[in-house]
file coords-v6.pdb (PDB, C-alpha atoms)
ATOM      1  CA  MET P   1      14.360   4.702  26.073
ATOM      2  CA  VAL P   2      11.590   3.645  23.735
ATOM      3  CA  ARG P   3      12.630   0.876  21.353
ATOM      4  CA  VAL P   4      10.895   0.456  17.983
ATOM      5  CA  PHE P   5      11.087  -2.373  15.475
ATOM      6  CA  PHE P   6      11.023  -1.068  11.920
ATOM      7  CA  LEU P   7       9.849  -3.860   9.619
ATOM      8  CA  TYR P   8      10.556  -3.386   5.916
ATOM      9  CA  ASP P   9      11.591  -5.170   2.745
ATOM     10  CA  VAL P  10      12.572  -2.524   0.192
ATOM     11  CA  LEU P  11      14.109   0.646   1.563
ATOM     12  CA  ARG P  12      12.363   3.287  -0.545
ATOM     13  CA  LEU P  13      12.498   7.014   0.080
ATOM     14  CA  ASP P  14       9.270   6.662   2.110
ATOM     15  CA  GLU P  15      10.940   4.180   4.463
ATOM     16  CA  LYS P  16      14.219   6.092   4.652
ATOM     17  CA  MET P  17      12.430   9.270   5.722
ATOM     18  CA  ILE P  18      10.468   7.534   8.498
ATOM     19  CA  LEU P  19      13.579   5.712   9.675
ATOM     20  CA  GLU P  20      15.506   8.971   9.857
ATOM     21  CA  ARG P  21      12.734  10.685  11.852
ATOM     22  CA  LEU P  22      12.370   7.705  14.197
ATOM     23  CA  ARG P  23      16.114   7.577  14.821
ATOM     24  CA  GLY P  24      15.938  11.196  15.908
ATOM     25  CA  LEU P  25      13.430  10.265  18.613
ATOM     26  CA  VAL P  26      14.033   6.727  19.843
ATOM     27  CA  GLU P  27      16.131   3.583  19.543
ATOM     28  CA  VAL P  28      15.248   1.792  16.315
ATOM     29  CA  GLU P  29      15.908  -1.815  15.380
ATOM     30  CA  PRO P  30      15.424  -2.234  11.613
ATOM     31  CA  ILE P  31      14.211  -5.705  10.625
ATOM     32  CA  HIS P  32      14.761  -6.500   6.966
ATOM     33  CA  VAL P  33      11.904  -8.952   6.625
ATOM     34  CA  SER P  34      13.001 -10.552   3.379
ATOM     35  CA  SER P  35      16.297 -11.707   4.888
ATOM     36  CA  SER P  36      15.030 -12.525   8.389
ATOM     37  CA  ILE P  37      13.869 -15.633  10.204
ATOM     38  CA  LEU P  38      10.933 -14.794  12.460
ATOM     39  CA  GLU P  39       9.781 -17.368  14.970
ATOM     40  CA  ILE P  40       6.099 -17.502  15.867
ATOM     41  CA  GLY P  41       6.132 -17.236  19.641
ATOM     42  CA  GLY P  42       9.755 -16.096  19.625
ATOM     43  CA  TYR P  43      10.909 -13.247  21.741
ATOM     44  CA  ALA P  44      12.536  -9.902  21.167
ATOM     45  CA  GLU P  45      11.998  -6.818  23.197
ATOM     46  CA  ALA P  46      10.482  -3.657  21.768
ATOM     47  CA  ASP P  47       7.786  -1.239  22.845
ATOM     48  CA  ILE P  48       6.147  -1.166  19.436
ATOM     49  CA  ALA P  49       6.755  -2.036  15.783
ATOM     50  CA  LEU P  50       6.027  -0.199  12.557
ATOM     51  CA  GLN P  51       5.267  -2.278   9.469
ATOM     52  CA  ARG P  52       6.539  -0.844   6.163
ATOM     53  CA  SER P  53       6.938  -3.904   3.898
ATOM     54  CA  ILE P  54       5.681  -3.379   0.348
ATOM     55  CA  SER P  55       4.884  -7.040  -0.178
ATOM     56  CA  PHE P  56       1.494  -7.780   1.353
ATOM     57  CA  TYR P  57       2.324 -11.360   2.273
ATOM     58  CA  ARG P  58       5.603 -10.350   3.879
ATOM     59  CA  ALA P  59       3.878  -7.511   5.727
ATOM     60  CA  MET P  60       1.024  -9.661   6.904
ATOM     61  CA  SER P  61       3.047 -12.665   8.069
ATOM     62  CA  SER P  62       5.876 -10.686   9.656
ATOM     63  CA  THR P  63       3.319  -8.579  11.520
ATOM     64  CA  ALA P  64       1.655 -11.736  12.789
ATOM     65  CA  ALA P  65       5.035 -13.103  13.908
ATOM     66  CA  VAL P  66       5.988  -9.938  15.780
ATOM     67  CA  GLU P  67       2.538  -9.778  17.364
ATOM     68  CA  SER P  68       3.144 -13.306  18.665
ATOM     69  CA  TRP P  69       6.135 -11.905  20.564
ATOM     70  CA  GLY P  70       3.729  -9.654  22.445
ATOM     71  CA  VAL P  71       4.749  -6.538  20.526
ATOM     72  CA  ARG P  72       2.022  -4.288  19.129
ATOM     73  CA  VAL P  73       2.471  -3.596  15.414
ATOM     74  CA  ILE P  74       1.165  -0.598  13.496
ATOM     75  CA  ASN P  75      -0.808  -1.540  11.475
ATOM     76  CA  SER P  76      -2.052  -4.776  13.013
ATOM     77  CA  SER P  77      -2.150  -8.014  11.036
ATOM     78  CA  LEU P  78      -5.949  -7.916  11.028
ATOM     79  CA  ALA P  79      -6.006  -4.366   9.674
ATOM     80  CA  LEU P  80      -3.506  -5.312   6.960
ATOM     81  CA  ALA P  81      -5.548  -8.323   5.879
ATOM     82  CA  LEU P  82      -8.792  -6.399   5.941
ATOM     83  CA  ALA P  83      -7.458  -3.467   3.951
ATOM     84  CA  GLU P  84      -5.745  -5.667   1.375
ATOM     85  CA  ASP P  85      -8.907  -7.501   0.355
ATOM     86  CA  LYS P  86     -11.087  -5.071  -1.564
ATOM     87  CA  ALA P  87     -14.270  -7.095  -1.143
ATOM     88  CA  TRP P  88     -13.802  -7.602   2.596
ATOM     89  CA  SER P  89     -12.874  -3.996   3.248
ATOM     90  CA  LEU P  90     -15.685  -2.613   1.107
ATOM     91  CA  SER P  91     -18.143  -4.772   3.036
ATOM     92  CA  VAL P  92     -16.862  -3.418   6.363
ATOM     93  CA  LEU P  93     -16.906   0.160   5.065
ATOM     94  CA  TYR P  94     -20.482  -0.253   3.833
ATOM     95  CA  ARG P  95     -21.597  -1.693   7.166
ATOM     96  CA  ASN P  96     -20.100   1.349   8.828
ATOM     97  CA  LYS P  97     -22.260   3.610   6.650
ATOM     98  CA  ILE P  98     -19.361   4.870   4.577
ATOM     99  CA  PRO P  99     -20.426   5.689   1.027
ATOM    100  CA  VAL P 100     -18.771   3.363  -1.505
ATOM    101  CA  PRO P 101     -19.326   2.718  -5.223
ATOM    102  CA  ARG P 102     -21.876   0.073  -6.131
ATOM    103  CA  THR P 103     -19.891  -3.156  -6.446
ATOM    104  CA  LEU P 104     -20.863  -6.680  -7.483
ATOM    105  CA  LEU P 105     -18.884  -9.865  -6.932
ATOM    106  CA  ALA P 106     -19.142 -12.667  -9.465
ATOM    107  CA  TYR P 107     -17.507 -16.064  -9.644
ATOM    108  CA  SER P 108     -17.643 -17.113 -13.265
ATOM    109  CA  ILE P 109     -17.272 -15.545 -16.692
ATOM    110  CA  GLU P 110     -21.017 -15.579 -17.332
ATOM    111  CA  SER P 111     -21.882 -14.065 -13.975
ATOM    112  CA  ALA P 112     -19.183 -11.399 -14.371
ATOM    113  CA  VAL P 113     -20.739 -10.397 -17.690
ATOM    114  CA  GLU P 114     -24.203 -10.435 -16.124
ATOM    115  CA  ALA P 115     -22.941  -8.301 -13.222
ATOM    116  CA  SER P 116     -21.486  -5.805 -15.690
ATOM    117  CA  ARG P 117     -24.781  -5.636 -17.550
ATOM    118  CA  LYS P 118     -26.622  -5.027 -14.273
ATOM    119  CA  LEU P 119     -24.366  -2.121 -13.353
ATOM    120  CA  GLY P 120     -24.468  -0.649 -16.859
ATOM    121  CA  TYR P 121     -21.412  -0.005 -19.016
ATOM    122  CA  PRO P 122     -18.729   1.138 -18.602
ATOM    123  CA  VAL P 123     -17.721  -0.863 -15.544
ATOM    124  CA  VAL P 124     -14.434  -1.231 -13.683
ATOM    125  CA  MET P 125     -13.141  -4.776 -13.186
ATOM    126  CA  LYS P 126     -10.398  -5.202 -10.585
ATOM    127  CA  PRO P 127      -8.678  -8.050  -8.799
ATOM    128  CA  VAL P 128      -9.792  -8.225  -5.140
ATOM    129  CA  MET P 129      -6.160  -7.886  -4.121
ATOM    130  CA  GLY P 130      -3.482  -5.669  -5.571
ATOM    131  CA  SER P 131      -2.413  -2.078  -5.833
ATOM    132  CA  TRP P 132      -1.184   0.672  -8.093
ATOM    133  CA  GLY P 133      -4.088   0.077 -10.464
ATOM    134  CA  ARG P 134      -2.507  -3.213 -11.499
ATOM    135  CA  LEU P 135      -4.846  -5.259 -13.698
ATOM    136  CA  ALA P 136      -7.704  -2.800 -13.141
ATOM    137  CA  ALA P 137      -9.625  -2.701 -16.397
ATOM    138  CA  LEU P 138     -12.418  -0.580 -17.800
ATOM    139  CA  ALA P 139     -14.963  -2.601 -19.757
ATOM    140  CA  SER P 140     -16.970  -0.456 -22.109
ATOM    141  CA  ASP P 141     -19.244  -3.183 -23.424
ATOM    142  CA  GLU P 142     -20.152  -6.837 -23.061
ATOM    143  CA  GLU P 143     -17.421  -8.016 -25.403
ATOM    144  CA  ALA P 144     -14.759  -6.268 -23.327
ATOM    145  CA  ALA P 145     -16.225  -7.508 -20.024
ATOM    146  CA  ARG P 146     -16.220 -11.075 -21.288
ATOM    147  CA  ALA P 147     -12.637 -10.823 -22.576
ATOM    148  CA  ILE P 148     -11.424  -9.400 -19.248
ATOM    149  CA  ALA P 149     -13.290 -12.049 -17.245
ATOM    150  CA  GLU P 150     -11.894 -14.795 -19.470
ATOM    151  CA  HIS P 151      -8.357 -13.547 -18.968
ATOM    152  CA  ARG P 152      -8.863 -13.352 -15.198
ATOM    153  CA  GLU P 153     -10.082 -16.939 -15.088
ATOM    154  CA  MET P 154      -6.737 -18.014 -16.559
ATOM    155  CA  LEU P 155      -4.667 -16.168 -13.936
ATOM    156  CA  GLY P 156      -5.415 -18.324 -10.907
ATOM    157  CA  SER P 157      -7.944 -18.570  -8.112
ATOM    158  CA  MET P 158      -7.301 -15.129  -6.600
ATOM    159  CA  TYR P 159      -8.367 -13.568  -9.901
ATOM    160  CA  ARG P 160     -11.487 -15.701 -10.246
ATOM    161  CA  VAL P 161     -13.308 -13.439  -7.811
ATOM    162  CA  HIS P 162     -14.615 -10.871 -10.270
ATOM    163  CA  TYR P 163     -14.890  -7.508  -8.542
ATOM    164  CA  VAL P 164     -17.138  -5.458 -10.800
ATOM    165  CA  GLN P 165     -17.668  -1.846  -9.856
ATOM    166  CA  GLU P 166     -19.680   0.993 -11.288
ATOM    167  CA  TYR P 167     -17.555   3.505 -13.166
ATOM    168  CA  ILE P 168     -17.581   6.872 -11.421
ATOM    169  CA  ASP P 169     -17.503   9.810 -13.808
ATOM    170  CA  LYS P 170     -14.961  11.612 -11.645
ATOM    171  CA  PRO P 171     -13.685  15.087 -12.510
ATOM    172  CA  GLY P 172     -10.339  13.926 -13.957
ATOM    173  CA  ARG P 173      -8.938  13.266 -10.519
ATOM    174  CA  ASP P 174      -9.327  11.322  -7.334
ATOM    175  CA  ILE P 175      -8.112  11.940  -3.810
ATOM    176  CA  ARG P 176      -5.482  10.216  -1.679
ATOM    177  CA  ALA P 177      -5.774  11.290   1.952
ATOM    178  CA  MET P 178      -3.369  10.341   4.734
ATOM    179  CA  CYS P 179      -4.698   9.211   8.061
ATOM    180  CA  ILE P 180      -2.409   9.089  11.089
ATOM    181  CA  GLY P 181      -4.247   8.095  14.256
ATOM    182  CA  ASP P 182      -7.100  10.569  14.639
ATOM    183  CA  GLU P 183      -5.780  13.105  12.169
ATOM    184  CA  VAL P 184      -5.859  13.691   8.440
ATOM    185  CA  PRO P 185      -2.761  15.858   8.031
ATOM    186  CA  ALA P 186      -2.713  16.058   4.230
ATOM    187  CA  ALA P 187      -4.362  14.974   1.023
ATOM    188  CA  ILE P 188      -3.635  15.207  -2.681
ATOM    189  CA  TYR P 189      -5.584  15.146  -5.885
ATOM    190  CA  ARG P 190      -4.230  12.628  -8.329
ATOM    191  CA  VAL P 191      -4.943  14.265 -11.643
ATOM    192  CA  SER P 192      -4.923  12.350 -14.902
ATOM    193  CA  GLU P 193      -6.653  12.271 -18.266
ATOM    194  CA  HIS P 194      -6.608   8.500 -17.868
ATOM    195  CA  TRP P 195      -9.323   6.889 -15.740
ATOM    196  CA  ILE P 196      -6.617   5.290 -13.597
ATOM    197  CA  THR P 197      -5.243   8.186 -11.578
ATOM    198  CA  ASN P 198      -2.685   6.415  -9.336
ATOM    199  CA  THR P 199       0.551   8.391  -9.208
ATOM    200  CA  ALA P 200       2.323   5.058  -9.730
ATOM    201  CA  ARG P 201       0.584   5.086 -13.118
ATOM    202  CA  GLY P 202       1.439   8.640 -14.102
ATOM    203  CA  GLY P 203      -1.221  10.617 -12.218
ATOM    204  CA  ARG P 204      -0.029  14.135 -11.261
ATOM    205  CA  ALA P 205      -0.146  15.052  -7.577
ATOM    206  CA  GLU P 206      -1.630  18.375  -6.466
ATOM    207  CA  PRO P 207      -2.485  19.522  -2.936
ATOM    208  CA  ALA P 208      -6.108  18.904  -1.940
ATOM    209  CA  ARG P 209      -8.093  20.666   0.750
ATOM    210  CA  VAL P 210      -9.246  18.424   3.570
ATOM    211  CA  ASP P 211     -12.763  19.665   4.283
ATOM    212  CA  PRO P 212     -14.664  18.425   7.352
ATOM    213  CA  ILE P 213     -16.697  15.917   5.318
ATOM    214  CA  LEU P 214     -13.605  14.373   3.762
ATOM    215  CA  GLU P 215     -11.810  14.333   7.099
ATOM    216  CA  ASP P 216     -14.706  12.548   8.784
ATOM    217  CA  LEU P 217     -14.958  10.000   5.975
ATOM    218  CA  VAL P 218     -11.237   9.238   5.987
ATOM    219  CA  LEU P 219     -11.089   8.801   9.751
ATOM    220  CA  ARG P 220     -14.223   6.661   9.885
ATOM    221  CA  SER P 221     -12.895   4.479   7.048
ATOM    222  CA  CYS P 222      -9.586   3.843   8.794
ATOM    223  CA  HIS P 223     -11.191   3.299  12.188
ATOM    224  CA  ALA P 224     -13.677   0.825  10.684
ATOM    225  CA  LEU P 225     -10.805  -1.285   9.352
ATOM    226  CA  GLY P 226      -8.593  -0.824  12.406
ATOM    227  CA  VAL P 227      -6.032   1.041  10.298
ATOM    228  CA  GLU P 228      -4.011   3.572  12.297
ATOM    229  CA  ILE P 229      -1.728   4.787   9.537
ATOM    230  CA  GLY P 230      -3.443   4.634   6.186
ATOM    231  CA  GLY P 231      -3.878   6.142   2.767
ATOM    232  CA  VAL P 232      -7.510   6.429   1.769
ATOM    233  CA  ASP P 233      -8.530   6.618  -1.898
ATOM    234  CA  VAL P 234     -11.645   8.681  -2.475
ATOM    235  CA  VAL P 235     -13.521   9.668  -5.641
ATOM    236  CA  GLU P 236     -15.877  12.576  -6.108
ATOM    237  CA  ASP P 237     -19.177  11.552  -7.624
ATOM    238  CA  PRO P 238     -20.992  14.469  -9.283
ATOM    239  CA  GLU P 239     -24.256  13.620  -7.452
ATOM    240  CA  ARG P 240     -23.370  11.596  -4.352
ATOM    241  CA  GLY P 241     -20.202  13.435  -3.345
ATOM    242  CA  TYR P 242     -17.299  11.538  -1.817
ATOM    243  CA  LEU P 243     -17.151   7.766  -2.243
ATOM    244  CA  VAL P 244     -14.404   5.690  -0.647
ATOM    245  CA  LEU P 245     -12.657   3.251  -2.984
ATOM    246  CA  GLU P 246     -10.178   1.615  -0.634
ATOM    247  CA  VAL P 247      -7.803   2.023   2.276
ATOM    248  CA  ASN P 248      -4.095   1.268   1.948
ATOM    249  CA  ALA P 249      -2.514   0.006   5.160
ATOM    250  CA  VAL P 250       1.155   0.492   4.195
ATOM    251  CA  PRO P 251       0.707   3.773   2.383
ATOM    252  CA  GLU P 252       3.247   5.540   0.233
ATOM    253  CA  TYR P 253       3.233   9.206   1.023
ATOM    254  CA  LYS P 254       6.226  10.815  -0.669
ATOM    255  CA  ASN P 255       4.048  12.574  -3.261
ATOM    256  CA  ILE P 256       1.735  13.854  -0.524
ATOM    257  CA  ALA P 257       4.725  15.190   1.424
ATOM    258  CA  ARG P 258       6.292  16.689  -1.696
ATOM    259  CA  VAL P 259       3.309  18.683  -2.903
ATOM    260  CA  THR P 260       1.750  19.657   0.431
ATOM    261  CA  GLY P 261       4.965  20.336   2.340
ATOM    262  CA  VAL P 262       3.610  18.351   5.292
ATOM    263  CA  ASP P 263       6.262  16.321   7.125
ATOM    264  CA  VAL P 264       4.305  13.074   6.899
ATOM    265  CA  ALA P 265       7.330  10.975   7.918
ATOM    266  CA  GLY P 266       7.774  13.082  11.048
ATOM    267  CA  LEU P 267       4.089  12.757  11.922
ATOM    268  CA  ILE P 268       4.197   8.978  11.454
ATOM    269  CA  ALA P 269       7.315   8.727  13.620
ATOM    270  CA  ARG P 270       5.783  10.880  16.357
ATOM    271  CA  TYR P 271       2.549   8.859  16.294
ATOM    272  CA  VAL P 272       4.465   5.573  16.634
ATOM    273  CA  VAL P 273       6.468   6.927  19.570
ATOM    274  CA  GLU P 274       3.339   8.298  21.271
ATOM    275  CA  GLN P 275       1.693   4.900  20.930
ATOM    276  CA  ALA P 276       4.782   3.177  22.314
ATOM    277  CA  ARG P 277       4.673   5.361  25.405
ATOM    278  CA  LYS P 278       0.990   4.570  26.126
TER     279      LYS P 278
ATOM    280  CA  MET Z   1      32.873   3.239   0.669
ATOM    281  CA  PRO Z   2      32.746  -0.594   0.317
ATOM    282  CA  VAL Z   3      33.085  -2.002  -3.174
ATOM    283  CA  LEU Z   4      31.104  -5.128  -4.013
ATOM    284  CA  LYS Z   5      30.785  -7.113  -7.199
ATOM    285  CA  CYS Z   6      27.758  -6.827  -9.466
ATOM    286  CA  PRO Z   7      26.215 -10.329  -9.599
ATOM    287  CA  VAL Z   8      25.122  -9.696 -13.192
ATOM    288  CA  CYS Z   9      28.060  -8.048 -14.995
ATOM    289  CA  GLY Z  10      30.800  -8.768 -12.485
ATOM    290  CA  ASN Z  11      32.008  -5.162 -12.403
ATOM    291  CA  PRO Z  12      32.629  -3.330  -9.129
ATOM    292  CA  VAL Z  13      29.740  -1.504  -7.431
ATOM    293  CA  GLU Z  14      30.364   1.205  -4.864
ATOM    294  CA  VAL Z  15      27.991   0.809  -1.936
ATOM    295  CA  PRO Z  16      27.389   3.749   0.428
ATOM    296  CA  ASP Z  17      28.928   3.386   3.900
ATOM    297  CA  ASP Z  18      25.530   3.562   5.554
ATOM    298  CA  ALA Z  19      23.814   1.128   3.133
ATOM    299  CA  MET Z  20      21.204  -1.132   4.698
ATOM    300  CA  PRO Z  21      19.643  -4.388   3.516
ATOM    301  CA  GLY Z  22      16.708  -3.585   1.249
ATOM    302  CA  GLU Z  23      18.404  -0.569  -0.274
ATOM    303  CA  LEU Z  24      18.331  -0.386  -4.072
ATOM    304  CA  ILE Z  25      21.284   0.598  -6.227
ATOM    305  CA  GLU Z  26      21.091   1.273  -9.952
ATOM    306  CA  HIS Z  27      24.190  -0.096 -11.593
ATOM    307  CA  ASP Z  28      25.811   1.106 -14.806
ATOM    308  CA  CYS Z  29      25.075  -2.232 -16.498
ATOM    309  CA  GLY Z  30      21.351  -1.407 -16.306
ATOM    310  CA  VAL Z  31      20.415  -3.759 -13.488
ATOM    311  CA  VAL Z  32      18.819  -2.622 -10.242
ATOM    312  CA  LEU Z  33      20.571  -4.323  -7.343
ATOM    313  CA  GLU Z  34      19.278  -4.953  -3.854
ATOM    314  CA  VAL Z  35      21.569  -4.841  -0.851
ATOM    315  CA  TYR Z  36      21.159  -7.791   1.498
ATOM    316  CA  ARG Z  37      23.132  -9.582   4.190
ATOM    317  CA  ASP Z  38      24.588 -12.954   3.261
ATOM    318  CA  SER Z  39      24.754 -15.922   5.622
ATOM    319  CA  ASN Z  40      28.024 -14.577   7.079
ATOM    320  CA  GLY Z  41      26.340 -11.286   7.929
ATOM    321  CA  ASN Z  42      28.222  -9.363   5.241
ATOM    322  CA  LEU Z  43      26.565  -6.904   2.892
ATOM    323  CA  ALA Z  44      26.069  -8.389  -0.576
ATOM    324  CA  LEU Z  45      24.169  -7.590  -3.768
ATOM    325  CA  ARG Z  46      21.512  -9.475  -5.704
ATOM    326  CA  PRO Z  47      19.359  -8.474  -8.680
ATOM    327  CA  PHE Z  48      16.263  -6.684  -7.447
ATOM    328  CA  GLU Z  49      13.239  -8.947  -7.831
ATOM    329  CA  GLY Z  50      11.070  -6.150  -9.271
ATOM    330  CA  VAL Z  51       7.421  -5.483  -8.611
ATOM    331  CA  GLN Z  52       5.550  -8.594  -7.489
ATOM    332  CA  GLU Z  53       1.820  -9.270  -7.647
ATOM    333  CA  ASP Z  54       1.310  -8.706  -3.919
ATOM    334  CA  TRP Z  55       3.122  -5.384  -3.844
ATOM    335  CA  GLY Z  56       1.165  -2.343  -2.953
ATOM    336  CA  GLU Z  57       0.860   0.915  -1.217
TER     337      GLU Z  57
END

call {"tool": "encode", "arguments": {"input": "coords-v6.pdb", "output": "structure tokens"}}
result
Amino acid sequence: MVRVFFLYDVLRLDEKMILERLRGLVEVEPIHVSSSILEIGGYAEADIALQRSISFYRAMSSTAAVESWGVRVINSSLALALAEDKAWSLSVLYRNKIPVPRTLLAYSIESAVEASRKLGYPVVMKPVMGSWGRLAALASDEEAARAIAEHREMLGSMYRVHYVQEYIDKPGRDIRAMCIGDEVPAAIYRVSEHWITNTARGGRAEPARVDPILEDLVLRSCHALGVEIGGVDVVEDPERGYLVLEVNAVPEYKNIARVTGVDVAGLIARYVVEQARK
Amino acid sequence: MPVLKCPVCGNPVEVPDDAMPGELIEHDCGVVLEVYRDSNGNLALRPFEGVQEDWGE
């Protein structure tokens, strides 16, 4: 029988649903990462592992440890690292001819302000790492850009990479699309009056149609980063069409499942088992 | 259903029979508790650390 490691830290509804579906198909060994000791080069037998830790550093390091045991992990440590860093992933997406918003990196307060001026206000200033819209800020003028950059400089080295992005005048929504292997089974609009549309920040989820252009973009984005199970954030630019913002390599999906009725947990479980049998 | 002690208020907390480490329980005292296994392998409770800067989706 196929044996799957299920790596997690917090057991949210998303994780519980996948675990339940997996248990209906195969033998599952849950590994609670935050209370485990994982030896690099250790040994434990499984056909495959699924990574579901919310903490990036836990996810990344525990994936690397399990990979050292010779067990393939979905998603791989490289895919996790690549997707987590917005600058790195945007660079890879761009090189793979995936349309992305114009983005400048700056490394001091003055250059962050200059970058903002170059893009034209308003601009979005984000940390290169992080999720749920955390610390993403909209600078409407030079004074705001300078204040944001100054604050970031005080937060530590990770925040001293100023990721300055053009503001996309999106139609009050953005898109979160699920990718599982070579399929895009469901997508939602995240609707909000606020420019941050993350559902974790109050955005309302509504079903979105996955047209062939969106499907192609989502799959190419995930493939470019080596992400097998991912959540791709996309905005609709009035002139350029779809632009990819980022790819999440341990995606939440409960809102997608809730509003579209698609059994995302079941699809993830089946994909993992299929991969284990290959 | 096992009953454990809340590490914050000291009152009893009922933990579901099938509880797993990493599961979150909202207690009456207002604290969110995380189930974990102590060094003896028994289920125990600790205050949930809350959202950290490297958390994401």

call {"tool": "residues_around", "arguments": {"input": "coords-v6.pdb", "residues": "Pro21 (chain Z)", "least_positions_apart": "2", "cutoff": "6 Å", "atoms": "all atoms listed in the file", "output": "PDB file with C-alpha atoms, in the coordinates of the input"}}
result
ATOM      1  CA  GLU Z  23      18.404  -0.569  -0.274  1.00  0.00           C
ATOM      2  CA  VAL Z  35      21.569  -4.841  -0.851  1.00  0.00           C
ATOM      3  CA  TYR Z  36      21.159  -7.791   1.498  1.00  0.00           C
TER       4      TYR Z  36
END

call {"tool": "resolve_selection", "arguments": {"input": "coords-v6.pdb", "expression": "the PyMOL selection byres ((chain P and resi 85-102) around 6)", "output": "list in words"}}
result
Leu82, Ala83, Glu84, Thr103, Val128, Met129, Gln165, Glu166, Leu243 and Val244 of chain P

call {"tool": "closest_atom_pairs", "arguments": {"input": "coords-v6.pdb", "of": "chain P", "to": "chain Z", "cutoff": "8 Å", "atoms": "all atoms listed in the file", "output": "tab-separated table"}}
result
residue	atom	partner	partner_atom	distance
P:Tyr8	CA	Z:Gly22	CA	7.7
P:Asp9	CA	Z:Gly22	CA	5.6
P:Val10	CA	Z:Gly22	CA	4.4
P:Leu11	CA	Z:Glu23	CA	4.8
P:Arg12	CA	Z:Glu23	CA	7.2
P:His32	CA	Z:Pro21	CA	6.3
P:Ser35	CA	Z:Tyr36	CA	7.1
P:Ile54	CA	Z:Trp55	CA	5.3
P:Ser55	CA	Z:Trp55	CA	4.4
P:Phe56	CA	Z:Asp54	CA	5.4
P:Tyr57	CA	Z:Asp54	CA	6.8
P:Met129	CA	Z:Asp54	CA	7.5
P:Gly130	CA	Z:Asp54	CA	5.9
P:Ser131	CA	Z:Gly56	CA	4.6
P:Trp132	CA	Z:Gly56	CA	6.4
P:Asn248	CA	Z:Glu57	CA	5.9
P:Ala249	CA	Z:Glu57	CA	7.3
P:Val250	CA	Z:Glu57	CA	5.4
P:Pro251	CA	Z:Glu57	CA	4.6
P:Glu252	CA	Z:Glu57	CA	5.4

call {"tool": "write_last_selection", "arguments": {"input": "coords-v6.pdb", "atoms": "C-alpha atoms", "output": "PDB file, keeping the file's coordinate frame"}}
result
ATOM      1  CA  TYR P   8      10.556  -3.386   5.916  1.00  0.00           C
ATOM      2  CA  ASP P   9      11.591  -5.170   2.745  1.00  0.00           C
ATOM      3  CA  VAL P  10      12.572  -2.524   0.192  1.00  0.00           C
ATOM      4  CA  LEU P  11      14.109   0.646   1.563  1.00  0.00           C
ATOM      5  CA  ARG P  12      12.363   3.287  -0.545  1.00  0.00           C
ATOM      6  CA  HIS P  32      14.761  -6.500   6.966  1.00  0.00           C
ATOM      7  CA  SER P  35      16.297 -11.707   4.888  1.00  0.00           C
ATOM      8  CA  ILE P  54       5.681  -3.379   0.348  1.00  0.00           C
ATOM      9  CA  SER P  55       4.884  -7.040  -0.178  1.00  0.00           C
ATOM     10  CA  PHE P  56       1.494  -7.780   1.353  1.00  0.00           C
ATOM     11  CA  TYR P  57       2.324 -11.360   2.273  1.00  0.00           C
ATOM     12  CA  MET P 129      -6.160  -7.886  -4.121  1.00  0.00           C
ATOM     13  CA  GLY P 130      -3.482  -5.669  -5.571  1.00  0.00           C
ATOM     14  CA  SER P 131      -2.413  -2.078  -5.833  1.00  0.00           C
ATOM     15  CA  TRP P 132      -1.184   0.672  -8.093  1.00  0.00           C
ATOM     16  CA  ASN P 248      -4.095   1.268   1.948  1.00  0.00           C
ATOM     17  CA  ALA P 249      -2.514   0.006   5.160  1.00  0.00           C
ATOM     18  CA  VAL P 250       1.155   0.492   4.195  1.00  0.00           C
ATOM     19  CA  PRO P 251       0.707   3.773   2.383  1.00  0.00           C
ATOM     20  CA  GLU P 252       3.247   5.540   0.233  1.00  0.00           C
TER      21      GLU P 252
END

call {"tool": "residues_around", "arguments": {"input": "coords-v6.pdb", "residues": "region 147-158 of chain P", "least_positions_apart": "4", "cutoff": "12 Å", "atoms": "all atoms listed in the file", "output": "NGL selection string"}}
result
(:P and (85-87 or 105-116 or 123-130 or 135-143 or 162-164)) or (:Z and (53-54))

call {"tool": "residues_around", "arguments": {"input": "coords-v6.pdb", "residues": "Arg173 (chain P)", "least_positions_apart": "4", "cutoff": "12 Å", "atoms": "all atoms listed in the file", "output": "list in words"}}
result
Ile168, Asp169, Ile188, Tyr189, Arg190, Val191, Ser192, Glu193, His194, Trp195, Ile196, Thr197, Asn198, Thr199, Gly202, Gly203, Arg204, Ala205, Glu206, Pro207, Ala208, Asp233, Val234, Val235, Glu236 and Asp237 of chain P

call {"tool": "write_last_selection", "arguments": {"input": "coords-v6.pdb", "atoms": "C-alpha atoms", "output": "compact mmCIF listing (two decimals), in the coordinates of the input"}}
result
# COMPACT_ATOMS: atom_id res chain seq x y z
CA ILE P 168 -17.58 6.87 -11.42
CA ASP P 169 -17.50 9.81 -13.81
CA ILE P 188 -3.64 15.21 -2.68
CA TYR P 189 -5.58 15.15 -5.88
CA ARG P 190 -4.23 12.63 -8.33
CA VAL P 191 -4.94 14.26 -11.64
CA SER P 192 -4.92 12.35 -14.90
CA GLU P 193 -6.65 12.27 -18.27
CA HIS P 194 -6.61 8.50 -17.87
CA TRP P 195 -9.32 6.89 -15.74
CA ILE P 196 -6.62 5.29 -13.60
CA THR P 197 -5.24 8.19 -11.58
CA ASN P 198 -2.68 6.42 -9.34
CA THR P 199 0.55 8.39 -9.21
CA GLY P 202 1.44 8.64 -14.10
CA GLY P 203 -1.22 10.62 -12.22
CA ARG P 204 -0.03 14.14 -11.26
CA ALA P 205 -0.15 15.05 -7.58
CA GLU P 206 -1.63 18.38 -6.47
CA PRO P 207 -2.48 19.52 -2.94
CA ALA P 208 -6.11 18.90 -1.94
CA ASP P 233 -8.53 6.62 -1.90
CA VAL P 234 -11.64 8.68 -2.48
CA VAL P 235 -13.52 9.67 -5.64
CA GLU P 236 -15.88 12.58 -6.11
CA ASP P 237 -19.18 11.55 -7.62
